[in-house]
Amino acid sequence: MTTGANIDQCLSMSLTVEPAKLSAVRRDIALHLDGWGLEALTDDVLLVVCELLTNVFVHAEGICDLVIEPAPRCLTVLVSDTVTAPPTKQRSSVSEESGRGLVLVEALTDHWETAITDMGKVVTCTFRTTDDATSVPQAPPRSKAAVGGYRHRDSCPLGLQRHHAPQEPIERSITDMTLMLDSRSRTTFRDPRALFNAVRPHVKECTYNVFESPGSEGDLWERELKLLMRDNVMVRNMAERILDNAIAYTITAMEHPEVHLGVGKVVDVGVHQIILDTPVYFAVCDIYNGGRYKHHAPLIERRTDGLVIRTADFINANGFRADEELWAMDGASCSPCDDKVPDSH
């Protein structure tokens, strides 16, 4: 089943989870999925694994075993730790910082469950690897200690791009919210520069400063790039990477206010640049936030719960290509932005 010379039939790791080191784990998983010919599952599997490992980091002192094993019609992910309390799905409001992890797990997998053992617990997630609906793996008989449930992969309630998405939008309910799913293709990535430049006709204020002042030649993306380089003294290549990821984060935060996201200090420099150029930022809100202003409400203390890496995964799932190196720089630290006021990030 493998297509690479050094790819094992089963990936097994004993881990002490540290958010700053998750990028190496993610790379190893992606390498194995590609070697097994299952690269189409990469985004979903990485996001689910990241959620499960974050739970281990928060609740089980970061110590766990991870096993990922392909089979003819499915891929199985198992995460075991020494805590016997099963994970529970919570009803989280927009302003809460946690409680959505199992919602994502349930949405992205075909089946998941938790089994309590003498050593702790094992969370098992299954992904279908074929389009044949009759091949969805069935769950083994459950013990009284097992929890979990089925969710068809096309029923993702968060609007994530599906690998086998239906052609028409589907309405799904998540806690108290009703959202519309789209069926954007995963064969191409969304271009931050093109999306940012698309707001140009909606810039209505201070148009001389934005379009005609010295140095404003070029498109809006080029304008923000010049401002970023002027104020932060960085080389162009780094400024381009930061700006692209800042745009991807800002648009994703606007498109998915129901998901708690957080940006690291490096990418946050670009986010702040976008927000400070208020005529342009108002236009971004007009296009991508339904005409509503997206507030910026920072907290004083930074978070260290792995939210930055989870945000990068979600940005990938939203059709962008997150710069792994930039997000890994702040893997254990999050910019203190939060949904403390309505419609904020």
# chains A, B, ... in the order shown; residues from 1 in each chain; ligands from 1
$ residues_around --residues "Leu66 of chain A" --least-positions-apart "4" --cutoff "9 Å" --atoms "only C-alpha atoms" --output "ChimeraX atom specification"
/A:11-15,49,53,77-80
$ closest_atom_pairs --of "segment 230-308 of chain A" --to "segment 314-333 of chain A" --cutoff "12 Å" --atoms "only C-alpha atoms" --output "CSV"
residue,atom,partner,partner_atom,distance
A:Met238,CA,A:Leu326,CA,9.4
A:Ala239,CA,A:Leu326,CA,11.3
A:Glu240,CA,A:Asp323,CA,11.0
A:Arg241,CA,A:Asp323,CA,7.3
A:Ile242,CA,A:Leu326,CA,7.6
A:Leu243,CA,A:Asp323,CA,10.8
A:Asp244,CA,A:Ala322,CA,8.6
A:Asn245,CA,A:Ala322,CA,6.2
A:Ala246,CA,A:Ala322,CA,9.6
A:Ile247,CA,A:Phe320,CA,9.8
A:Ala248,CA,A:Phe320,CA,6.4
A:Tyr249,CA,A:Ile315,CA,6.6
A:Thr250,CA,A:Ile315,CA,9.8
A:Ile251,CA,A:Ile315,CA,9.3
A:Thr252,CA,A:Ile315,CA,6.5
A:Ala253,CA,A:Ile315,CA,9.0
A:Met254,CA,A:Asn318,CA,11.6
A:Glu255,CA,A:Asn318,CA,9.1
A:His256,CA,A:Asn318,CA,9.2
A:Val259,CA,A:Phe314,CA,9.1
A:His260,CA,A:Phe314,CA,10.1
A:Leu261,CA,A:Phe314,CA,8.4
A:Gly262,CA,A:Ser333,CA,9.3
A:Val263,CA,A:Trp327,CA,8.0
A:Gly264,CA,A:Asp330,CA,5.1
A:Lys265,CA,A:Asp330,CA,6.5
A:Val266,CA,A:Leu326,CA,6.8
A:Val267,CA,A:Leu326,CA,7.0
A:Asp268,CA,A:Trp327,CA,10.3
A:Val269,CA,A:Leu326,CA,11.6
A:Gly270,CA,A:Leu326,CA,11.7
A:Glu301,CA,A:Ser333,CA,10.1
A:Arg302,CA,A:Ser333,CA,6.4
A:Arg303,CA,A:Ser333,CA,5.8
A:Thr304,CA,A:Ser333,CA,4.7
A:Asp305,CA,A:Ala332,CA,6.7
A:Gly306,CA,A:Ala332,CA,5.5
A:Leu307,CA,A:Gly331,CA,7.8
A:Val308,CA,A:Gly331,CA,5.6
$ write_last_selection --atoms "N, CA and C atoms" --output "JSON list (two decimals), in the first residue's frame"
[["chain", "number", "residue", "atom", "x", "y", "z"],
["A", 238, "MET", "N", 10.14, 38.38, 3.57],
["A", 238, "MET", "CA", 9.48, 38.11, 4.86],
["A", 238, "MET", "C", 8.20, 38.92, 4.98],
["A", 239, "ALA", "N", 8.22, 40.17, 4.52],
["A", 239, "ALA", "CA", 7.02, 41.00, 4.58],
["A", 239, "ALA", "C", 5.90, 40.39, 3.74],
["A", 240, "GLU", "N", 6.23, 39.85, 2.57],
["A", 240, "GLU", "CA", 5.22, 39.21, 1.72],
["A", 240, "GLU", "C", 4.59, 38.01, 2.41],
["A", 241, "ARG", "N", 5.42, 37.20, 3.06],
["A", 241, "ARG", "CA", 4.91, 36.00, 3.75],
["A", 241, "ARG", "C", 3.99, 36.40, 4.90],
["A", 242, "ILE", "N", 4.41, 37.41, 5.67],
["A", 242, "ILE", "CA", 3.60, 37.86, 6.81],
["A", 242, "ILE", "C", 2.28, 38.44, 6.32],
["A", 243, "LEU", "N", 2.33, 39.28, 5.28],
["A", 243, "LEU", "CA", 1.10, 39.91, 4.79],
["A", 243, "LEU", "C", 0.12, 38.87, 4.24],
["A", 244, "ASP", "N", 0.60, 37.92, 3.46],
["A", 244, "ASP", "CA", -0.28, 36.88, 2.92],
["A", 244, "ASP", "C", -0.98, 36.11, 4.03],
["A", 245, "ASN", "N", -0.24, 35.75, 5.08],
["A", 245, "ASN", "CA", -0.84, 34.99, 6.17],
["A", 245, "ASN", "C", -1.75, 35.86, 7.03],
["A", 246, "ALA", "N", -1.43, 37.16, 7.14],
["A", 246, "ALA", "CA", -2.31, 38.07, 7.87],
["A", 246, "ALA", "C", -3.64, 38.23, 7.15],
["A", 247, "ILE", "N", -3.60, 38.32, 5.82],
["A", 247, "ILE", "CA", -4.84, 38.42, 5.04],
["A", 247, "ILE", "C", -5.66, 37.15, 5.19],
["A", 248, "ALA", "N", -4.99, 36.00, 5.08],
["A", 248, "ALA", "CA", -5.69, 34.71, 5.21],
["A", 248, "ALA", "C", -6.34, 34.59, 6.57],
["A", 249, "TYR", "N", -5.64, 35.00, 7.63],
["A", 249, "TYR", "CA", -6.19, 34.95, 8.99],
["A", 249, "TYR", "C", -7.39, 35.89, 9.13],
["A", 250, "THR", "N", -7.23, 37.13, 8.65],
["A", 250, "THR", "CA", -8.29, 38.13, 8.82],
["A", 250, "THR", "C", -9.57, 37.70, 8.10],
["A", 251, "ILE", "N", -9.43, 37.22, 6.86],
["A", 251, "ILE", "CA", -10.61, 36.79, 6.11],
["A", 251, "ILE", "C", -11.23, 35.56, 6.74],
["A", 252, "THR", "N", -10.41, 34.62, 7.19],
["A", 252, "THR", "CA", -10.94, 33.42, 7.84],
["A", 252, "THR", "C", -11.69, 33.77, 9.12],
["A", 253, "ALA", "N", -11.14, 34.70, 9.91],
["A", 253, "ALA", "CA", -11.81, 35.13, 11.14],
["A", 253, "ALA", "C", -13.15, 35.78, 10.83],
["A", 254, "MET", "N", -13.24, 36.49, 9.73],
["A", 254, "MET", "CA", -14.50, 37.13, 9.35],
["A", 254, "MET", "C", -15.50, 36.10, 8.83],
["A", 255, "GLU", "N", -15.02, 35.14, 8.07],
["A", 255, "GLU", "CA", -15.91, 34.14, 7.49],
["A", 255, "GLU", "C", -16.41, 33.13, 8.51],
["A", 256, "HIS", "N", -15.67, 32.95, 9.59],
["A", 256, "HIS", "CA", -16.03, 31.93, 10.59],
["A", 256, "HIS", "C", -16.00, 32.51, 12.00],
["A", 259, "VAL", "N", -15.86, 30.19, 15.16],
["A", 259, "VAL", "CA", -14.66, 29.43, 15.53],
["A", 259, "VAL", "C", -13.66, 30.35, 16.20],
["A", 260, "HIS", "N", -13.17, 29.94, 17.37],
["A", 260, "HIS", "CA", -12.20, 30.77, 18.09],
["A", 260, "HIS", "C", -10.82, 30.59, 17.46],
["A", 261, "LEU", "N", -10.24, 31.69, 16.99],
["A", 261, "LEU", "CA", -8.95, 31.67, 16.33],
["A", 261, "LEU", "C", -7.98, 32.60, 17.05],
["A", 262, "GLY", "N", -6.69, 32.35, 16.89],
["A", 262, "GLY", "CA", -5.68, 33.21, 17.50],
["A", 262, "GLY", "C", -4.43, 33.22, 16.65],
["A", 263, "VAL", "N", -3.81, 34.38, 16.53],
["A", 263, "VAL", "CA", -2.65, 34.55, 15.65],
["A", 263, "VAL", "C", -1.40, 34.75, 16.49],
["A", 264, "GLY", "N", -0.27, 34.23, 16.02],
["A", 264, "GLY", "CA", 1.01, 34.40, 16.71],
["A", 264, "GLY", "C", 1.57, 35.79, 16.52],
["A", 265, "LYS", "N", 2.63, 36.09, 17.26],
["A", 265, "LYS", "CA", 3.19, 37.44, 17.25],
["A", 265, "LYS", "C", 3.73, 37.86, 15.90],
["A", 266, "VAL", "N", 4.29, 36.91, 15.14],
["A", 266, "VAL", "CA", 4.88, 37.25, 13.86],
["A", 266, "VAL", "C", 3.80, 37.66, 12.85],
["A", 267, "VAL", "N", 2.82, 36.81, 12.65],
["A", 267, "VAL", "CA", 1.75, 37.12, 11.70],
["A", 267, "VAL", "C", 0.91, 38.30, 12.20],
["A", 268, "ASP", "N", 0.83, 38.47, 13.51],
["A", 268, "ASP", "CA", 0.04, 39.56, 14.08],
["A", 268, "ASP", "C", 0.55, 40.93, 13.65],
["A", 269, "VAL", "N", 1.84, 41.02, 13.32],
["A", 269, "VAL", "CA", 2.38, 42.29, 12.80],
["A", 269, "VAL", "C", 1.65, 42.67, 11.52],
["A", 270, "GLY", "N", 1.41, 41.69, 10.66],
["A", 270, "GLY", "CA", 0.68, 41.96, 9.42],
["A", 270, "GLY", "C", -0.79, 42.26, 9.67],
["A", 301, "GLU", "N", -2.92, 39.21, 28.61],
["A", 301, "GLU", "CA", -2.04, 38.05, 28.69],
["A", 301, "GLU", "C", -2.15, 37.18, 27.44],
["A", 302, "ARG", "N", -1.02, 36.69, 27.00],
["A", 302, "ARG", "CA", -1.00, 35.78, 25.86],
["A", 302, "ARG", "C", -1.38, 34.38, 26.30],
["A", 303, "ARG", "N", -1.99, 33.65, 25.35],
["A", 303, "ARG", "CA", -2.37, 32.26, 25.62],
["A", 303, "ARG", "C", -1.27, 31.31, 25.18],
["A", 304, "THR", "N", -1.16, 30.18, 25.86],
["A", 304, "THR", "CA", -0.13, 29.18, 25.54],
["A", 304, "THR", "C", -0.74, 27.79, 25.46],
["A", 305, "ASP", "N", -1.90, 27.69, 24.84],
["A", 305, "ASP", "CA", -2.61, 26.41, 24.81],
["A", 305, "ASP", "C", -2.63, 25.77, 23.43],
["A", 306, "GLY", "N", -1.76, 26.22, 22.51],
["A", 306, "GLY", "CA", -1.70, 25.62, 21.19],
["A", 306, "GLY", "C", -2.68, 26.20, 20.19],
["A", 307, "LEU", "N", -3.36, 27.29, 20.52],
["A", 307, "LEU", "CA", -4.36, 27.86, 19.63],
["A", 307, "LEU", "C", -3.75, 28.32, 18.31],
["A", 308, "VAL", "N", -2.51, 28.78, 18.33],
["A", 308, "VAL", "CA", -1.87, 29.28, 17.12],
["A", 308, "VAL", "C", -1.78, 28.18, 16.06]]
$ residues_around --residues "Val123 of chain A" --least-positions-apart "5" --cutoff "12 Å" --atoms "only C-alpha atoms" --output "PyMOL selection string"
chain A and resi 48-49+51-53+55-56+64-68+76-88+102+105-106+111-117+145-149
$ residues_around --residues "Cys206 of chain A" --least-positions-apart "6" --cutoff "12 Å" --atoms "only C-alpha atoms" --output "list in words"
Glu212, Ser213, Asp277, Thr278, Pro279, Val280, Phe282 and Ala283 of chain A
$ write_last_selection --atoms "N, CA, C and O atoms" --output "compact mmCIF listing (two decimals), in the first residue's frame"
# COMPACT_ATOMS: atom_id res chain seq x y z
N GLU A 212 -3.43 57.87 -4.43
CA GLU A 212 -2.73 58.89 -5.21
C GLU A 212 -1.50 59.47 -4.53
O GLU A 212 -0.69 60.14 -5.20
N SER A 213 -1.32 59.29 -3.25
CA SER A 213 -0.17 59.86 -2.56
C SER A 213 1.12 59.22 -3.05
O SER A 213 1.11 58.09 -3.57
N ASP A 277 -4.53 50.58 8.61
CA ASP A 277 -4.88 51.30 7.38
C ASP A 277 -6.40 51.29 7.28
O ASP A 277 -7.00 50.57 6.48
N THR A 278 -7.04 52.12 8.09
CA THR A 278 -8.49 52.00 8.33
C THR A 278 -9.37 52.12 7.08
O THR A 278 -10.37 51.42 6.99
N PRO A 279 -9.06 53.00 6.10
CA PRO A 279 -9.94 53.03 4.93
C PRO A 279 -9.96 51.68 4.20
O PRO A 279 -11.02 51.24 3.73
N VAL A 280 -8.81 51.03 4.14
CA VAL A 280 -8.72 49.72 3.48
C VAL A 280 -9.38 48.65 4.35
O VAL A 280 -10.11 47.79 3.85
N PHE A 282 -11.80 49.02 6.50
CA PHE A 282 -13.26 49.17 6.40
C PHE A 282 -13.78 48.49 5.14
O PHE A 282 -14.85 47.86 5.16
N ALA A 283 -13.04 48.60 4.04
CA ALA A 283 -13.44 47.95 2.80
C ALA A 283 -13.37 46.43 2.92
O ALA A 283 -14.23 45.72 2.39
$ closest_residue --among "A:Glu61, A:Asp110, A:Glu18, A:Glu224" --to "Val45 of chain A" --atoms "only C-alpha atoms"
A:Asp110
$ closest_residue --among "A:Arg128, A:Lys226, A:Arg26, A:Arg190" --to "Cys74 of chain A" --atoms "only C-alpha atoms"
A:Arg128
$ closest_residue --among "A:Ile287, A:Ala198, A:Ile309, A:Leu299" --to "Cys50 of chain A" --atoms "only C-alpha atoms"
A:Ile309
$ atom_distance --atom1 "atom CA of Asp44 of chain A" --atom2 "atom CA of Val58 of chain A"
21.4 Å
$ select_by_dssp --residues "segment 269-311 of chain A" --states "helix (DSSP H, G or I)" --output "PyMOL selection string"
chain A and resi 269-276+278-288+307-311
$ closest_residue --among "A:Asn197, A:Asp313, A:Thr126, A:Glu217" --to "Asp43 of chain A" --atoms "only C-alpha atoms"
A:Asp313
